[in-house]
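With TSV, C-alpha atoms inside, this is final.tsv:
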chain	number	residue	atom	x	y	z
A	1	MET	CA	130.89	37.42	-15.56
A	2	THR	CA	128.30	39.53	-17.34
A	3	SER	CA	129.10	37.97	-20.73
A	4	THR	CA	128.85	34.50	-19.16
A	5	SER	CA	125.41	35.25	-17.68
A	6	SER	CA	124.25	36.72	-20.98
A	7	GLY	CA	125.48	33.68	-22.87
A	8	TRP	CA	123.79	31.37	-20.38
A	9	ALA	CA	120.47	33.21	-20.71
A	10	GLN	CA	120.58	33.10	-24.52
A	11	LEU	CA	121.36	29.40	-24.59
A	12	ARG	CA	118.57	28.63	-22.12
A	13	GLN	CA	116.11	30.63	-24.17
A	14	GLN	CA	117.05	28.66	-27.26
A	15	ALA	CA	116.70	25.39	-25.34
A	16	ARG	CA	113.19	26.28	-24.12
A	17	SER	CA	112.18	27.34	-27.63
A	18	LEU	CA	113.37	24.04	-29.09
A	19	GLU	CA	111.52	22.12	-26.36
A	20	THR	CA	108.29	23.88	-27.31
A	21	GLN	CA	108.85	23.12	-30.99
A	22	THR	CA	109.47	19.46	-30.13
A	23	GLU	CA	106.20	19.18	-28.20
A	24	ASN	CA	104.27	20.73	-31.09
A	25	LEU	CA	105.81	18.27	-33.54
A	26	PHE	CA	104.99	15.36	-31.21
A	27	HIS	CA	101.32	16.34	-31.51
A	28	ASN	CA	101.52	15.98	-35.29
A	29	TYR	CA	103.61	12.82	-35.17
A	30	ALA	CA	101.20	11.10	-32.76
A	31	GLN	CA	98.43	11.37	-35.35
A	32	PHE	CA	100.25	8.85	-37.52
A	33	ALA	CA	100.17	6.35	-34.65
A	34	SER	CA	96.40	6.78	-34.21
A	35	LEU	CA	95.53	5.84	-37.81
A	36	THR	CA	93.33	2.73	-37.97
A	37	LYS	CA	94.45	1.96	-41.53
A	38	PRO	CA	97.96	3.34	-42.02
A	39	PRO	CA	99.43	3.35	-45.53
A	40	PRO	CA	101.71	0.44	-46.44
A	41	GLU	CA	104.75	2.74	-46.56
A	42	PRO	CA	105.58	5.93	-44.59
A	43	THR	CA	104.29	9.05	-46.29
A	44	GLU	CA	106.47	12.05	-47.07
A	45	GLU	CA	104.76	14.01	-44.30
A	46	GLU	CA	105.49	11.30	-41.73
A	47	LEU	CA	109.14	11.09	-42.74
A	48	ARG	CA	109.47	14.87	-42.69
A	49	VAL	CA	108.03	15.20	-39.16
A	50	GLU	CA	110.18	12.33	-37.87
A	51	SER	CA	113.29	13.92	-39.40
A	52	GLN	CA	112.45	17.29	-37.84
A	53	LEU	CA	112.02	15.68	-34.43
A	54	LYS	CA	115.39	13.95	-34.64
A	55	ASP	CA	117.05	17.18	-35.75
A	56	LEU	CA	115.52	19.11	-32.83
A	57	LEU	CA	116.71	16.48	-30.36
A	58	GLU	CA	120.25	16.71	-31.73
A	59	ARG	CA	120.24	20.51	-31.55
A	60	ARG	CA	118.99	20.43	-27.97
A	61	ASP	CA	121.68	17.93	-27.02
A	62	SER	CA	124.29	20.32	-28.46
A	63	LEU	CA	122.81	23.26	-26.51
A	64	ILE	CA	122.90	21.26	-23.28
A	65	SER	CA	126.56	20.48	-23.88
A	66	GLN	CA	127.25	24.18	-24.36
A	67	LEU	CA	125.38	25.03	-21.17
A	68	SER	CA	127.37	22.40	-19.29
A	69	ARG	CA	130.71	23.79	-20.51
A	70	LEU	CA	129.61	27.34	-19.71
A	71	LEU	CA	128.64	26.33	-16.20
A	72	ASP	CA	131.98	24.59	-15.66
A	73	SER	CA	133.85	27.71	-16.76
A	74	GLU	CA	132.26	30.01	-14.15
A	75	ALA	CA	134.70	31.13	-11.49
A	76	THR	CA	132.07	31.82	-8.79
A	77	LEU	CA	129.57	29.52	-7.19
A	78	THR	CA	126.96	32.22	-6.48
A	79	SER	CA	124.32	30.98	-8.91
A	80	SER	CA	125.83	27.64	-9.92
A	81	ALA	CA	123.29	25.61	-7.89
A	82	LEU	CA	120.30	27.19	-9.65
A	83	LYS	CA	121.96	26.83	-13.04
A	84	GLN	CA	122.82	23.23	-12.29
A	85	ASN	CA	119.15	22.54	-11.53
A	86	ASN	CA	118.13	24.20	-14.79
A	87	LEU	CA	120.66	22.14	-16.71
A	88	SER	CA	119.43	18.90	-15.09
A	89	ARG	CA	115.87	19.79	-15.97
A	90	HIS	CA	116.76	20.33	-19.64
A	91	ARG	CA	118.50	16.95	-19.69
A	92	GLU	CA	115.48	15.21	-18.15
A	93	ILE	CA	113.10	16.74	-20.69
A	94	LEU	CA	115.44	15.72	-23.53
A	95	GLN	CA	115.52	12.13	-22.28
A	96	ASP	CA	111.71	12.08	-21.95
A	97	HIS	CA	111.32	13.35	-25.51
A	98	ARG	CA	113.75	10.79	-26.85
A	99	ARG	CA	111.77	8.01	-25.18
A	100	GLU	CA	108.54	9.48	-26.52
A	101	LEU	CA	109.93	9.53	-30.06
A	102	GLN	CA	111.00	5.92	-29.75
A	103	ARG	CA	107.59	4.92	-28.36
A	104	LEU	CA	105.65	6.67	-31.13
A	105	ALA	CA	107.94	5.31	-33.84
A	106	SER	CA	107.43	1.76	-32.49
A	107	ALA	CA	103.66	2.25	-32.30
A	108	ILE	CA	103.53	3.50	-35.90
A	109	SER	CA	105.70	0.62	-37.09
A	110	ASP	CA	103.61	-1.99	-35.24
A	111	SER	CA	100.37	-0.54	-36.59
A	112	ARG	CA	101.72	-0.55	-40.14
A	113	ASN	CA	103.04	-4.12	-39.78
A	114	ARG	CA	99.65	-5.34	-38.56
A	115	ALA	CA	97.85	-3.60	-41.41
A	116	ASN	CA	100.29	-5.04	-43.97
A	117	LEU	CA	99.99	-8.51	-42.45
A	118	LEU	CA	96.19	-8.43	-42.64
A	119	SER	CA	96.37	-7.15	-46.19
A	120	ASN	CA	98.78	-9.93	-47.16
A	121	VAL	CA	96.59	-12.56	-45.51
A	122	ARG	CA	93.52	-11.30	-47.37
A	123	SER	CA	95.47	-11.31	-50.62
A	124	ASP	CA	96.66	-14.86	-50.00
A	125	ILE	CA	93.12	-16.02	-49.20
A	126	ASP	CA	91.71	-14.36	-52.31
A	127	ALA	CA	94.47	-15.86	-54.46
A	128	TYR	CA	93.86	-19.30	-52.96
A	129	ARG	CA	90.12	-19.06	-53.58
A	130	ALA	CA	90.70	-17.89	-57.13
A	131	SER	CA	93.02	-20.81	-57.88
A	132	ASN	CA	90.87	-23.38	-56.01
A	133	PRO	CA	87.18	-22.80	-56.79
A	134	SER	CA	86.12	-26.12	-55.23
A	135	ALA	CA	87.91	-25.28	-51.98
A	136	ALA	CA	86.37	-21.82	-51.96
A	137	GLU	CA	82.91	-23.35	-52.43
A	138	ALA	CA	83.54	-25.84	-49.63
A	139	GLU	CA	84.67	-23.03	-47.33
A	140	TYR	CA	81.54	-21.07	-48.20
A	141	MET	CA	79.35	-24.07	-47.38
A	142	LEU	CA	81.12	-24.50	-44.06
A	143	GLU	CA	80.51	-20.84	-43.24
A	144	GLU	CA	76.83	-21.22	-44.17
A	145	ARG	CA	76.59	-24.32	-42.01
A	146	GLY	CA	78.11	-22.44	-39.11
A	147	ARG	CA	75.58	-19.63	-39.51
A	148	VAL	CA	72.71	-22.14	-39.65
A	149	GLU	CA	73.97	-23.87	-36.51
A	150	ASN	CA	74.21	-20.54	-34.75
A	151	SER	CA	70.61	-19.80	-35.77
A	152	HIS	CA	69.51	-23.19	-34.42
A	153	ASN	CA	71.31	-22.56	-31.15
A	154	MET	CA	69.56	-19.22	-30.82
A	155	MET	CA	66.17	-20.84	-31.50
A	156	ASP	CA	66.90	-23.55	-28.93
A	157	GLY	CA	67.70	-20.86	-26.40
A	158	VAL	CA	64.47	-18.99	-27.15
A	159	LEU	CA	62.41	-22.20	-26.87
A	160	SER	CA	64.08	-23.09	-23.58
A	161	GLN	CA	63.17	-19.69	-22.21
A	162	ALA	CA	59.58	-20.06	-23.47
A	163	TYR	CA	59.25	-23.49	-21.80
A	164	ALA	CA	60.64	-22.09	-18.57
A	165	ILE	CA	58.18	-19.17	-18.65
A	166	ASN	CA	55.26	-21.52	-19.40
A	167	GLU	CA	56.26	-23.76	-16.51
A	168	ASN	CA	56.47	-20.73	-14.26
A	169	PHE	CA	52.96	-19.67	-15.30
A	170	GLY	CA	51.67	-23.17	-14.49
A	171	ILE	CA	53.21	-22.99	-11.03
A	172	GLN	CA	51.64	-19.59	-10.47
A	173	ARG	CA	48.21	-20.88	-11.58
A	174	GLU	CA	48.48	-23.79	-9.16
A	175	THR	CA	49.51	-21.41	-6.39
A	176	ILE	CA	46.57	-19.07	-7.07
A	177	ALA	CA	44.13	-22.01	-7.27
A	178	SER	CA	45.46	-23.33	-3.96
A	179	ILE	CA	45.03	-19.92	-2.34
A	180	ASN	CA	41.47	-19.68	-3.74
A	181	ARG	CA	40.60	-23.11	-2.35
A	182	ARG	CA	41.92	-22.12	1.06
A	183	ILE	CA	39.91	-18.90	1.02
A	184	VAL	CA	36.70	-20.75	0.03
A	185	GLY	CA	37.36	-23.42	2.62
A	186	ALA	CA	37.95	-20.83	5.31
A	187	ALA	CA	34.81	-18.92	4.27
A	188	SER	CA	32.66	-22.06	4.52
A	189	HIS	CA	33.54	-22.31	8.21
A	190	VAL	CA	32.45	-18.76	8.97
A	191	PRO	CA	28.70	-18.46	9.77
A	192	GLY	CA	26.79	-16.46	7.14
A	193	MET	CA	29.84	-16.13	4.84
A	194	ASN	CA	28.31	-18.29	2.08
A	195	TYR	CA	25.12	-16.27	2.22
A	196	LEU	CA	27.14	-13.03	1.96
A	197	ILE	CA	29.14	-14.34	-0.99
A	198	GLY	CA	25.91	-15.38	-2.69
A	199	LYS	CA	24.42	-11.93	-2.17
A	200	ILE	CA	27.55	-10.33	-3.65
A	201	GLY	CA	27.33	-12.62	-6.69
A	202	THR	CA	23.62	-11.83	-7.13
A	203	LYS	CA	24.33	-8.09	-6.93
A	204	LYS	CA	27.08	-8.40	-9.53
A	205	ARG	CA	24.77	-10.26	-11.91
A	206	ARG	CA	22.04	-7.66	-11.38
A	207	ASP	CA	24.47	-4.82	-12.04
A	208	ALA	CA	25.67	-6.57	-15.18
A	209	ILE	CA	22.06	-6.94	-16.42
A	210	ILE	CA	21.30	-3.29	-15.74
A	211	LEU	CA	24.51	-2.17	-17.44
A	212	GLY	CA	23.74	-4.38	-20.47
A	213	CYS	CA	20.23	-2.96	-20.76
A	214	PHE	CA	21.56	0.58	-20.54
A	215	ILE	CA	24.16	-0.07	-23.25
A	216	GLY	CA	21.50	-1.68	-25.45
A	217	PHE	CA	19.17	1.30	-24.93
A	218	CYS	CA	21.94	3.74	-25.86
A	219	PHE	CA	22.77	1.73	-28.95
A	220	PHE	CA	19.07	1.62	-29.95
A	221	MET	CA	18.71	5.39	-29.49
A	222	LEU	CA	21.87	5.95	-31.52
A	223	LEU	CA	20.43	3.90	-34.41
A	224	PHE	CA	17.01	5.56	-34.11
A	225	PHE	CA	18.29	9.15	-34.24
A	226	HIS	CA	20.90	8.37	-36.85
For the file at hand, write its structure as structure tokens.
Amino acid sequence: MTSTSSGWAQLRQQARSLETQTENLFHNYAQFASLTKPPPEPTEEELRVESQLKDLLERRDSLISQLSRLLDSEATLTSSALKQNNLSRHREILQDHRRELQRLASAISDSRNRANLLSNVRSDIDAYRASNPSAAEAEYMLEERGRVENSHNMMDGVLSQAYAINENFGIQRETIASINRRIVGAASHVPGMNYLIGKIGTKKRRDAIILGCFIGFCFFMLLFFH
């Protein structure tokens, strides 16, 4: 019984260690999937990390099989429930890591295929332009025409906005003029209001004359003392 427990503990320790190593390698392997411009073919580093991940998964599968056989060989059921839970957990983690490896491998492959496809398309376009100068020139003219049309559309949009703003200003001027006419009309019906408005206008003109004379005097003194 003691040797069985010792063997179980050693195998579990190895399984946990391999799980940790797998997670660390996944961190490195995921970097290949995040490349915006992956190389056309897998690099030696990518192949090495992928091979190490597959090897770790196989070793863990072998350890789980050993743990399962060891658990089946125990004569007592004292700790079998706990060990069974531990074994199930190792199996679940192994399945999750296998799915993760498949997902990352597919992502890397899809990214590389897209990059290669774009590269091939560019190469085909360049080759076609090189072999058909007239077609390349026509395509260039079409692109220029498209850019000019886009510029015209933008100018039309700006002019439309300017016309709308100008129309809005005209409406506001008419509104203000209408309000002013109403105020003047209402003031004409109030006794003494026209006289008061006239006095205010006279005072403003007088203040403007005084202020102009003062500014002129200051300017004269500035020239005289300068």
Next on the checklist: Applying 9 Å and only C-alpha atoms, which residues near range 22-32 of chain A remain after dropping the ones on its own chain fewer than 4 positions away? List them as number ranges by chain.
Outcome noted: A: 17-18, 38, 46, 49-50, 52-53, 56-57, 97, 100-101, 104-105, 108
Next on the checklist: Using all atoms listed in the file for the distances, tell me which of A:Gln161, A:Ser178, A:Ser109, A:Asn116 is nearest to Pro42 in chain A.
Outcome noted: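 Looking only at the distances to Pro42 in chain A, the closest residue turns out to be A:Ser109.
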Checklist outcome for this item: Separating CA of Ser68 in chain A from CA of Lys54 in chain A, to the nearest tenth of an Å, is a gap of 21.2 Å
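As for CA of Arg16 in chain A and CA of Arg103 in chain A, they are spaced 22.5 Å apart.
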Next on the checklist: Report, in Å with one decimal, the straight-line distance from CA of Leu11 in chain A to CA of Leu63 in chain A.
Outcome noted: 6.6 Å
Given 4 Å of margin on each side, can you work out the centre and size in Å (one decimal) of an axis-aligned box holding every listed atom of range 41-51 of chain A, as AutoDock Vina command-line options?
--center_x 108.8 --center_y 9.0 --center_z -42.5 --size_x 17.0 --size_y 20.5 --size_z 17.2
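Proximity of A:Gln14, A:Thr202, A:Ala33, A:Met221 to Arg112 in chain A, computed with all atoms listed in the file, is greatest for A:Ala33.
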Got a sec: who's within 8 Å of range 86-89 of chain A, counting all atoms listed in the file, leaving out chain neighbours fewer than 3 positions off, as a PDB file with C-alpha atoms, keeping the file's coordinate frame?
ATOM      1  CA  ILE A  64     122.900  21.260 -23.280  1.00  0.00           C
ATOM      2  CA  LEU A  67     125.380  25.030 -21.170  1.00  0.00           C
ATOM      3  CA  SER A  68     127.370  22.400 -19.290  1.00  0.00           C
ATOM      4  CA  LEU A  82     120.300  27.190  -9.650  1.00  0.00           C
ATOM      5  CA  LYS A  83     121.960  26.830 -13.040  1.00  0.00           C
ATOM      6  CA  GLU A  92     115.480  15.210 -18.150  1.00  0.00           C
ATOM      7  CA  ILE A  93     113.100  16.740 -20.690  1.00  0.00           C
TER       8      ILE A  93
END
Item to check | Minimum-distance residue to Arg98 in chain A, chosen among A:Glu19, A:Val148, A:Leu35, A:Asp72 (using all atoms listed in the file) | outcome: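 Closest to Arg98 in chain A, using all atoms listed in the file: A:Glu19.
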